[in-house]
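K.L.:
My structure is stored as model.csv, with CSV, C-alpha atoms and all ligand atoms.
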```csv
chain,number,residue,atom,x,y,z
A,211,MET,CA,0.0,0.0,0.0
A,212,LYS,CA,1.3,3.5,-1.0
A,213,LYS,CA,1.6,6.0,1.9
A,214,LYS,CA,1.4,9.3,0.1
A,215,VAL,CA,0.0,10.6,-3.2
A,216,ILE,CA,-0.4,14.0,-4.8
A,217,VAL,CA,-3.6,14.5,-6.9
A,218,SER,CA,-4.8,17.5,-8.8
A,219,ALA,CA,-8.1,18.5,-10.3
A,220,PRO,CA,-9.2,21.4,-12.4
A,221,GLY,CA,-11.5,24.3,-11.6
A,222,LYS,CA,-14.5,25.0,-13.7
A,223,LEU,CA,-16.6,27.6,-15.4
A,224,MET,CA,-20.3,27.1,-16.0
A,225,LEU,CA,-21.1,28.0,-19.7
A,226,PHE,CA,-24.8,27.6,-19.9
A,227,GLY,CA,-27.7,26.3,-17.8
A,228,GLU,CA,-27.0,27.2,-14.1
A,229,HIS,CA,-29.9,27.1,-11.7
A,230,ALA,CA,-32.1,25.1,-14.2
A,231,VAL,CA,-29.5,22.2,-13.8
A,232,VAL,CA,-30.5,21.9,-10.1
A,233,TYR,CA,-34.0,20.9,-11.4
A,234,ASN,CA,-33.4,18.0,-13.7
A,235,ARG,CA,-32.2,20.1,-16.7
A,236,PRO,CA,-28.9,20.0,-18.6
A,237,CYS,CA,-26.0,22.4,-18.4
A,238,LEU,CA,-22.7,23.0,-20.2
A,239,VAL,CA,-19.5,23.3,-18.2
A,240,THR,CA,-15.8,23.5,-19.0
A,241,ALA,CA,-12.8,22.7,-16.9
A,242,VAL,CA,-10.1,25.3,-16.6
A,243,ASP,CA,-6.3,25.0,-16.4
A,244,GLN,CA,-6.1,26.5,-12.9
A,245,ARG,CA,-5.9,23.5,-10.6
A,246,MET,CA,-6.4,22.4,-7.0
A,247,LYS,CA,-3.7,20.1,-5.6
A,248,ALA,CA,-3.9,17.8,-2.6
A,249,GLU,CA,-1.1,15.8,-1.0
A,250,VAL,CA,-2.8,13.0,0.9
A,251,GLU,CA,-0.9,10.7,3.3
A,252,VAL,CA,-1.9,7.7,5.4
A,253,LEU,CA,-0.7,8.0,9.0
A,254,GLU,CA,-0.1,5.4,11.6
A,255,GLN,CA,-2.0,7.2,14.3
A,256,PRO,CA,-5.8,7.6,14.2
A,257,VAL,CA,-5.7,11.4,13.6
A,258,PHE,CA,-7.1,13.6,10.8
A,259,GLN,CA,-4.9,16.6,9.9
A,260,LEU,CA,-5.5,19.3,7.4
A,261,GLU,CA,-3.5,22.2,6.0
A,262,ALA,CA,-5.4,24.4,3.6
A,263,LYS,CA,-3.7,27.8,3.7
A,264,ASP,CA,-5.7,29.1,0.8
A,265,VAL,CA,-8.9,28.9,2.9
A,266,SER,CA,-7.1,29.9,6.2
A,267,VAL,CA,-7.0,26.4,7.7
A,268,THR,CA,-3.7,25.7,9.4
A,269,GLY,CA,-2.8,23.1,12.0
A,270,TYR,CA,-6.3,21.6,11.9
A,271,LYS,CA,-6.3,18.2,13.7
A,272,LYS,CA,-8.8,15.9,15.3
A,273,PRO,CA,-9.1,12.2,16.2
A,274,MET,CA,-10.4,10.0,13.3
A,275,SER,CA,-13.3,9.0,15.6
A,276,GLU,CA,-14.5,12.6,15.5
A,277,LEU,CA,-14.6,12.9,11.7
A,278,GLY,CA,-17.6,15.0,10.6
A,279,LYS,CA,-18.5,15.8,14.2
A,280,GLY,CA,-18.3,19.1,16.2
A,281,ASP,CA,-17.7,22.6,14.8
A,282,ILE,CA,-15.8,22.1,11.5
A,283,PRO,CA,-14.3,25.3,10.0
A,284,LYS,CA,-15.8,26.2,6.7
A,285,GLY,CA,-12.5,25.6,4.8
A,286,ALA,CA,-12.1,22.1,6.3
A,287,LYS,CA,-15.6,20.8,5.6
A,288,PHE,CA,-15.3,19.3,2.2
A,289,ALA,CA,-12.0,17.6,2.8
A,290,GLU,CA,-13.1,16.2,6.1
A,291,ILE,CA,-16.5,15.0,4.9
A,292,ALA,CA,-14.9,13.5,1.8
A,293,VAL,CA,-12.6,11.4,4.0
A,294,ARG,CA,-15.6,10.3,6.1
A,295,SER,CA,-17.7,9.5,3.0
A,296,PHE,CA,-14.8,7.3,1.6
A,297,LEU,CA,-14.2,5.5,4.9
A,298,THR,CA,-17.9,4.9,5.5
A,299,ARG,CA,-18.4,3.5,2.1
A,300,HIS,CA,-15.2,1.4,2.4
A,301,SER,CA,-15.6,0.6,6.1
A,302,GLU,CA,-13.1,-2.2,6.0
A,303,PHE,CA,-10.5,0.5,6.7
A,304,ILE,CA,-12.1,1.9,9.9
A,305,SER,CA,-10.9,0.8,13.2
A,306,GLY,CA,-13.3,-1.6,14.9
A,307,SER,CA,-15.3,-2.2,11.8
A,308,SER,CA,-17.0,-5.6,11.7
A,309,LYS,CA,-15.6,-6.0,8.2
A,310,LEU,CA,-12.1,-5.7,9.5
A,311,LYS,CA,-11.7,-9.5,9.5
A,312,GLY,CA,-10.3,-12.2,7.2
A,313,LYS,CA,-9.6,-11.0,3.7
A,314,MET,CA,-10.1,-7.3,4.6
A,315,LEU,CA,-7.6,-7.5,7.4
A,316,LYS,CA,-4.9,-8.3,4.9
A,317,GLN,CA,-5.3,-5.0,3.1
A,318,VAL,CA,-4.7,-3.0,6.2
A,319,GLN,CA,-2.3,-4.5,8.6
A,320,HIS,CA,-3.2,-2.1,11.5
A,321,ASP,CA,-6.4,-0.6,12.6
A,322,ASN,CA,-5.0,2.8,13.5
A,323,ILE,CA,-5.3,4.7,10.3
A,324,GLY,CA,-5.0,8.4,10.1
A,325,ILE,CA,-5.1,10.8,7.2
A,326,ARG,CA,-3.1,14.0,6.6
A,327,ILE,CA,-4.1,16.3,3.8
A,328,ILE,CA,-2.3,19.4,2.5
A,329,THR,CA,-4.1,21.4,-0.2
A,330,LYS,CA,-2.9,24.1,-2.5
A,331,SER,CA,-4.8,25.9,-5.2
A,332,ASP,CA,-3.7,27.8,-8.3
A,333,PHE,CA,-6.8,29.9,-8.0
A,334,SER,CA,-8.5,32.0,-5.3
A,335,SER,CA,-11.5,30.3,-3.6
A,336,GLN,CA,-13.3,33.6,-4.2
A,337,PHE,CA,-13.6,33.2,-8.0
A,338,GLY,CA,-16.3,30.5,-7.9
A,339,PHE,CA,-14.1,28.1,-9.8
A,340,GLY,CA,-15.3,25.2,-7.7
A,341,SER,CA,-12.5,24.9,-5.2
A,342,SER,CA,-14.7,22.9,-2.7
A,343,SER,CA,-15.7,20.4,-5.4
A,344,ALA,CA,-12.1,20.1,-6.7
A,345,VAL,CA,-10.8,19.4,-3.1
A,346,THR,CA,-13.5,16.8,-2.6
A,347,VAL,CA,-12.6,15.0,-5.9
A,348,CYS,CA,-8.9,15.2,-5.1
A,349,VAL,CA,-9.4,13.6,-1.7
A,350,ILE,CA,-11.6,10.8,-2.9
A,351,LYS,CA,-9.3,10.0,-5.8
A,352,ALA,CA,-6.3,10.0,-3.5
A,353,LEU,CA,-7.9,7.7,-1.0
A,354,SER,CA,-9.0,5.3,-3.7
A,355,GLU,CA,-5.4,5.2,-4.9
A,356,LEU,CA,-3.9,4.9,-1.4
A,357,PHE,CA,-6.3,2.1,-0.4
A,358,ASP,CA,-6.0,0.4,-3.7
A,359,LYS,CA,-9.7,0.7,-4.4
A,360,LYS,CA,-9.5,1.5,-8.1
A,361,LEU,CA,-12.7,3.4,-8.2
A,362,THR,CA,-14.1,4.2,-11.7
A,363,ASP,CA,-14.7,7.9,-12.5
A,364,LYS,CA,-18.4,7.3,-12.1
A,365,GLN,CA,-17.9,5.8,-8.6
A,366,ILE,CA,-15.7,8.8,-7.7
A,367,PHE,CA,-18.4,11.0,-9.0
A,368,HIS,CA,-21.1,9.5,-6.8
A,369,LEU,CA,-19.0,9.5,-3.7
A,370,ALA,CA,-17.9,13.1,-4.2
A,371,TYR,CA,-21.5,14.2,-5.1
A,372,LYS,CA,-22.7,12.6,-1.9
A,373,THR,CA,-20.1,14.5,0.0
A,374,VAL,CA,-21.2,17.8,-1.5
A,375,LEU,CA,-24.8,17.1,-0.7
A,376,ASP,CA,-23.9,16.2,2.9
A,377,VAL,CA,-22.1,19.5,3.3
A,378,GLN,CA,-24.3,22.0,1.5
A,379,GLY,CA,-27.6,20.1,1.0
A,380,LYS,CA,-28.1,21.2,-2.6
A,381,GLY,CA,-26.3,21.1,-5.9
A,382,SER,CA,-26.4,19.5,-9.3
A,383,GLY,CA,-22.9,18.0,-9.2
A,384,PHE,CA,-21.8,19.7,-12.4
A,385,ASP,CA,-18.7,21.1,-10.7
A,386,ILE,CA,-17.7,17.6,-9.5
A,387,ALA,CA,-18.1,16.2,-13.0
A,388,ALA,CA,-15.9,18.9,-14.4
A,389,ALA,CA,-13.2,18.2,-11.8
A,390,ILE,CA,-13.3,14.5,-12.5
A,391,PHE,CA,-13.7,14.3,-16.3
A,392,GLY,CA,-12.2,17.6,-17.4
A,393,GLY,CA,-12.9,18.9,-20.9
A,394,THR,CA,-16.2,20.5,-21.8
A,395,LEU,CA,-19.2,18.6,-20.7
A,396,TYR,CA,-22.9,18.3,-21.3
A,397,PHE,CA,-24.2,17.4,-17.9
A,398,VAL,CA,-27.6,16.6,-16.4
A,399,THR,CA,-28.5,16.9,-12.7
A,400,GLY,CA,-26.8,14.3,-10.4
A,401,GLY,CA,-24.7,12.9,-13.3
A,402,LYS,CA,-27.7,11.4,-15.2
A,403,VAL,CA,-25.8,12.3,-18.3
A,404,ILE,CA,-22.2,13.2,-18.5
A,405,GLU,CA,-21.1,13.7,-22.1
A,406,PRO,CA,-17.9,15.2,-23.3
A,407,LEU,CA,-18.2,17.7,-26.1
A,408,ALA,CA,-16.0,17.5,-29.2
A,409,VAL,CA,-14.4,20.9,-28.8
A,410,SER,CA,-10.8,21.8,-28.0
A,411,TYR,CA,-10.9,25.6,-27.5
A,412,LEU,CA,-13.4,28.2,-26.4
A,413,PRO,CA,-12.7,31.8,-27.2
A,414,LEU,CA,-13.6,33.1,-23.7
A,415,VAL,CA,-12.7,36.2,-21.7
A,416,VAL,CA,-13.3,35.7,-18.0
A,417,GLY,CA,-14.0,38.7,-15.7
A,418,TYR,CA,-14.1,38.4,-11.9
A,419,SER,CA,-16.6,40.8,-10.2
A,420,GLY,CA,-14.6,41.0,-7.0
A,421,ILE,CA,-17.7,39.8,-5.0
A,422,LYS,CA,-17.9,36.3,-3.6
A,423,ALA,CA,-21.2,34.7,-4.4
A,424,ASP,CA,-22.9,32.3,-1.9
A,425,THR,CA,-24.3,29.5,-4.1
A,426,VAL,CA,-26.6,28.0,-1.5
A,427,THR,CA,-28.2,31.4,-0.7
A,428,LEU,CA,-28.8,32.1,-4.4
A,429,VAL,CA,-30.2,28.6,-5.0
A,430,ASN,CA,-32.6,29.1,-2.1
A,431,GLN,CA,-33.7,32.5,-3.5
A,432,VAL,CA,-34.5,31.0,-6.8
A,433,LYS,CA,-36.4,28.2,-5.1
A,434,GLU,CA,-38.5,30.8,-3.3
A,435,LYS,CA,-39.3,32.4,-6.6
A,436,ALA,CA,-40.2,28.9,-8.0
A,437,ASP,CA,-42.5,28.2,-5.1
A,438,LYS,CA,-44.3,31.5,-5.6
A,439,TYR,CA,-44.5,31.4,-9.4
A,440,PRO,CA,-44.2,27.7,-10.3
A,441,GLU,CA,-45.5,27.9,-13.9
A,442,ILE,CA,-43.4,31.0,-14.8
A,443,VAL,CA,-40.1,29.6,-13.3
A,444,LYS,CA,-40.8,26.2,-14.9
A,445,SER,CA,-41.1,27.8,-18.3
A,446,ILE,CA,-37.8,29.7,-17.7
A,447,TYR,CA,-36.1,26.4,-16.9
A,448,ASP,CA,-37.6,24.8,-20.0
A,449,THR,CA,-36.3,27.7,-22.1
A,450,ILE,CA,-32.9,27.4,-20.5
A,451,GLU,CA,-32.9,23.7,-21.4
A,452,LYS,CA,-33.6,24.6,-25.0
A,453,ILE,CA,-30.8,27.1,-25.0
A,454,VAL,CA,-28.3,24.5,-23.6
A,455,ASN,CA,-29.3,21.9,-26.2
A,456,GLN,CA,-28.9,24.5,-29.0
A,457,ALA,CA,-25.7,25.9,-27.6
A,458,LYS,CA,-24.2,22.4,-27.5
A,459,ILE,CA,-24.6,22.1,-31.2
A,460,PHE,CA,-23.2,25.5,-32.0
A,461,ILE,CA,-20.2,24.9,-29.7
A,462,GLU,CA,-19.4,21.7,-31.5
A,463,LYS,CA,-19.6,23.6,-34.8
A,464,ASN,CA,-17.4,26.3,-33.4
A,465,ASP,CA,-20.1,28.8,-34.4
A,466,TRP,CA,-19.1,31.4,-31.8
A,467,GLN,CA,-21.4,34.1,-33.0
A,468,SER,CA,-24.4,31.9,-32.3
A,469,VAL,CA,-23.0,30.6,-29.0
A,470,GLY,CA,-22.6,34.3,-28.0
A,471,GLU,CA,-26.1,35.2,-29.0
A,472,LEU,CA,-27.5,32.3,-26.9
A,473,MET,CA,-25.4,33.4,-23.9
A,474,ASN,CA,-27.1,36.8,-24.1
A,475,VAL,CA,-30.5,35.1,-24.0
A,476,ASN,CA,-29.4,32.8,-21.1
A,477,GLN,CA,-28.3,35.9,-19.3
A,478,GLY,CA,-31.7,37.6,-19.7
A,479,LEU,CA,-33.3,34.5,-18.1
A,480,LEU,CA,-30.8,34.5,-15.2
A,481,ALA,CA,-31.6,38.2,-14.6
A,482,ALA,CA,-35.3,37.2,-14.7
A,483,LEU,CA,-34.6,34.6,-12.0
A,484,GLY,CA,-33.1,37.5,-10.0
A,485,VAL,CA,-29.5,36.3,-9.8
A,486,SER,CA,-27.7,39.0,-11.7
A,487,SER,CA,-26.3,42.1,-10.1
A,488,ASN,CA,-25.5,45.7,-11.0
A,489,LYS,CA,-21.8,44.9,-11.1
A,490,LEU,CA,-22.2,41.8,-13.3
A,491,GLU,CA,-24.6,43.7,-15.6
A,492,ALA,CA,-22.2,46.6,-16.0
A,493,MET,CA,-19.3,44.2,-16.9
A,494,ILE,CA,-21.6,42.2,-19.2
A,495,TYR,CA,-22.9,45.2,-21.1
A,496,ALA,CA,-19.5,46.8,-21.4
A,497,ALA,CA,-18.1,43.5,-22.8
A,498,ARG,CA,-20.9,43.3,-25.4
A,499,GLU,CA,-20.4,47.0,-26.4
A,500,ALA,CA,-16.7,46.3,-26.8
A,501,GLY,CA,-17.4,43.6,-29.4
A,502,ALA,CA,-18.0,40.3,-27.5
A,503,TYR,CA,-20.4,38.0,-29.4
A,504,GLY,CA,-22.2,37.4,-26.1
A,505,THR,CA,-21.8,37.4,-22.4
A,506,LYS,CA,-23.4,36.1,-19.2
A,507,LEU,CA,-22.7,35.5,-15.6
A,508,SER,CA,-21.2,32.1,-14.8
A,509,GLY,CA,-22.4,30.0,-11.8
A,510,ALA,CA,-24.8,31.0,-9.1
A,511,GLY,CA,-24.7,34.7,-9.8
A,512,GLY,CA,-24.7,37.6,-7.4
A,513,GLY,CA,-21.0,38.0,-7.9
A,514,ASP,CA,-18.1,35.6,-8.9
A,515,CYS,CA,-17.3,35.7,-12.6
A,516,MET,CA,-18.9,36.7,-16.0
A,517,ILE,CA,-17.8,35.1,-19.2
A,518,ALA,CA,-17.7,36.6,-22.7
A,519,ILE,CA,-17.4,34.7,-26.0
A,520,THR,CA,-15.2,37.0,-27.9
A,521,PRO,CA,-13.7,37.2,-31.4
A,522,GLU,CA,-9.9,37.1,-31.1
A,523,MET,CA,-9.5,40.5,-32.7
A,524,ARG,CA,-11.7,42.1,-30.0
A,525,ARG,CA,-10.2,40.4,-27.0
A,526,LYS,CA,-8.1,43.4,-25.9
A,527,GLU,CA,-11.0,45.8,-26.1
A,528,VAL,CA,-13.3,43.5,-24.3
A,529,GLU,CA,-10.8,43.0,-21.5
A,530,LYS,CA,-10.3,46.7,-21.2
A,531,ALA,CA,-14.0,47.3,-21.0
A,532,ILE,CA,-14.4,44.8,-18.2
A,533,ILE,CA,-11.6,46.3,-16.2
A,534,LYS,CA,-13.1,49.8,-16.7
A,535,GLU,CA,-16.2,48.5,-14.9
A,536,GLY,CA,-14.1,47.3,-12.0
A,537,GLY,CA,-13.7,43.7,-13.1
A,538,GLU,CA,-10.5,41.7,-13.0
A,539,ILE,CA,-9.5,39.6,-15.9
A,540,ILE,CA,-8.7,35.9,-15.1
A,541,ARG,CA,-6.6,34.3,-17.7
A,542,VAL,CA,-7.6,30.6,-18.1
A,543,LEU,CA,-7.5,28.0,-20.8
A,544,THR,CA,-10.6,25.9,-21.0
A,545,ASN,CA,-11.0,22.1,-21.7
A,546,ALA,CA,-8.4,21.3,-19.0
A,547,GLU,CA,-7.6,17.7,-18.1
A,548,GLY,CA,-9.7,16.1,-15.3
A,549,VAL,CA,-8.4,14.7,-12.0
A,550,LYS,CA,-5.0,13.0,-12.1
A,551,ILE,CA,-2.3,11.6,-10.0
A,552,GLU,CA,0.7,14.0,-10.2
B,1,LIG,O1,-21.8,29.1,-7.8
B,1,LIG,P1,-21.2,27.9,-8.6
B,1,LIG,O2,-20.1,28.3,-9.5
B,1,LIG,O3,-20.9,26.7,-7.8
B,1,LIG,O4,-22.4,27.5,-9.6
B,1,LIG,C1,-23.7,27.1,-9.1
B,1,LIG,C2,-24.5,26.6,-10.2
B,1,LIG,C3,-25.9,26.2,-9.7
B,1,LIG,O5,-26.6,25.7,-10.9
B,1,LIG,C4,-26.7,27.5,-9.3
B,1,LIG,C5,-26.0,25.2,-8.6
B,1,LIG,C6,-25.6,23.8,-9.1
B,1,LIG,O6,-25.1,23.0,-8.2
B,1,LIG,O7,-25.7,23.5,-10.2
```
Would you put the structure from the file into structure tokens?
Ligand code: PMV
P.N.:
Amino acid sequence: MKKKVIVSAPGKLMLFGEHAVVYNRPCLVTAVDQRMKAEVEVLEQPVFQLEAKDVSVTGYKKPMSELGKGDIPKGAKFAEIAVRSFLTRHSEFISGSSKLKGKMLKQVQHDNIGIRIITKSDFSSQFGFGSSSAVTVCVIKALSELFDKKLTDKQIFHLAYKTVLDVQGKGSGFDIAAAIFGGTLYFVTGGKVIEPLAVSYLPLVVGYSGIKADTVTLVNQVKEKADKYPEIVKSIYDTIEKIVNQAKIFIEKNDWQSVGELMNVNQGLLAALGVSSNKLEAMIYAAREAGAYGTKLSGAGGGDCMIAITPEMRRKEVEKAIIKEGGEIIRVLTNAEGVKIE
């Protein structure tokens, strides 16, 4: 059994379909080349240790028997619950487990297992690039490697998705899929469909609004709207679904003008759901006026990033226009590789 492994997973950008994807609709997501890295080590003492400086977690330590219990700092939740999800599913590794007998016992020679995790991210957790999901995926992939479990990508997806639902209660799992599979994906809620798109490059400009969005709050706000106006919100979701299906075809044809036009329509519907903001709108309109084919917010809304499909010859102008509105340009390449052992 290996003792230590380093795993990395990409961040993501939602291209089309946010919010609707929480309710059994499809979305399009791309993995970006800024990555989360996790060094995961098996210890001989039954302690859990975490160093995650990027999210202000240093010297975090607790007995393995306390995993998932007590007050867990925000920045530690996903890593800790990911370890718990893995060890609960594969309980042969837990001290005192009834399965720790016979054949299973041979895999782990001692029943005092601890885990140390050190994470480091290429990107700020403020961007909304999915750092929590990427950490979750890294930890589960690392543990499957260390305990020689050889989980398939689909199995990693389901375990990581369970972890995210345990921590935040809601979510489609699109960010988990991007971290695992990489590339650009057509994704339906809970991983019902995970289909890679035949595309190698997306002409995107990414602008960060400087405001951290709280995904769960925004998802709840949209739910309130849906509870009050069920028919209206349902028809918005239905239209978003049509946009996603049409955009998928245009992306595979590299018809960026049409992809951009559909982004503008998708943005209008997100504003109708109430998840846009003055700052995002200012950046979005400035980018359109500077020559982008189309722009929209990316993710839950309220802040985080906006994206602009931009002809190469207008890239500089679009970037300048976003900066003028107080945005920060984040340079990323899309279609990045999924989770991997470093
Ligand atoms: O805020 P982000 O970047 O995690 O995106 C959230 C996207 C939603 O559709 C609103 C939620 C989800 O889990 O799909």
K.L.:
Quick one: pull the distance between CA of Gln431 in chain A and CA of Glu405 in chain A, Å, one decimal.
P.N.:
29.3 Å
K.L.:
Name the residues in contact with Gln467 in chain A at a cut-off of 8 Å, using all atoms listed in the file, excluding same-chain residues fewer than 2 positions from it; report them as an mmCIF file with C-alpha atoms, in the frame of the given file.
P.N.:
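Once everything was written out, this is selection-v6.cif:
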```
data_model
loop_
_atom_site.group_PDB
_atom_site.id
_atom_site.type_symbol
_atom_site.label_atom_id
_atom_site.label_comp_id
_atom_site.auth_asym_id
_atom_site.auth_seq_id
_atom_site.Cartn_x
_atom_site.Cartn_y
_atom_site.Cartn_z
ATOM 1 C CA ASP A 465 -20.100 28.800 -34.400
ATOM 2 C CA VAL A 469 -23.000 30.600 -29.000
ATOM 3 C CA GLY A 470 -22.600 34.300 -28.000
ATOM 4 C CA GLU A 471 -26.100 35.200 -29.000
ATOM 5 C CA TYR A 503 -20.400 38.000 -29.400
ATOM 6 C CA GLY A 504 -22.200 37.400 -26.100
#
```
K.L.:
Please list as an MDAnalysis selection string every residue within 10 Å of range 383-387 of chain A, counting only C-alpha atoms and excluding residues in the same chain fewer than 5 positions away.
P.N.:
chainID A and resid 219:224 228 231:232 236:241 339:347 363:364 366:368 370:372 374:375 392:401 404:405 509 548:549
K.L.:
Take CA of Lys351 in chain A and CA of Arg326 in chain A and report the distance between them in Å, one decimal.
P.N.:
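Taking CA of Lys351 in chain A and CA of Arg326 in chain A, their separation equals 14.4 Å.
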K.L.:
Please return, as number ranges by chain, all polymer residues that have at least one atom within 12 Å of the point (-32.3, 38.5, -16.6); use all atoms listed in the file and the file's own coordinate frame.
P.N.:
A: 446, 450, 473-488, 490-491, 494, 506-507, 511-512
K.L.:
Which polymer residues have any atom within 9 Å of an atom of Lys489 in chain A, counting all atoms listed in the file, with same-chain residues fewer than 6 positions away left out, as a PyMOL selection string?
P.N.:
chain A and resi 419+421+512-513+535-537
K.L.:
Given the point (-18.4, 23.4, -26.6) in the file's coordinates, find the residues that have an atom at most 8 Å from it, counting all atoms listed in the file, and give them as a list in words.
P.N.:
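Those residues, ordered by chain and then number, are Leu238, Thr394, Leu395, Leu407, Ala408, Val409, Ser410, Tyr411, Leu412, Ala457, Lys458, Ile459, Phe460, Ile461, Glu462 and Asn464 of chain A.
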K.L.:
Here is a test: counting all atoms listed in the file, which residue of A:Ala262, A:Val426, A:Ile540, A:Leu414 is nearest to ligand LIG 1 (chain B)?
P.N.:
A:Val426
K.L.:
Go ahead and compute the interatomic distance for CA of Val257 in chain A and CA of Asp358 in chain A, in Å to one decimal.
P.N.:
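Taking CA of Val257 in chain A and CA of Asp358 in chain A, their separation equals 20.5 Å.
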K.L.:
Select, from A:Ile532, A:Ala497, A:Ala289, A:Ala423, the residue with the minimum atom-to-atom distance to Gly338 in chain A, counting all atoms listed in the file.
P.N.:
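Of the candidates, the smallest distance to Gly338 in chain A is held by A:Ala423.
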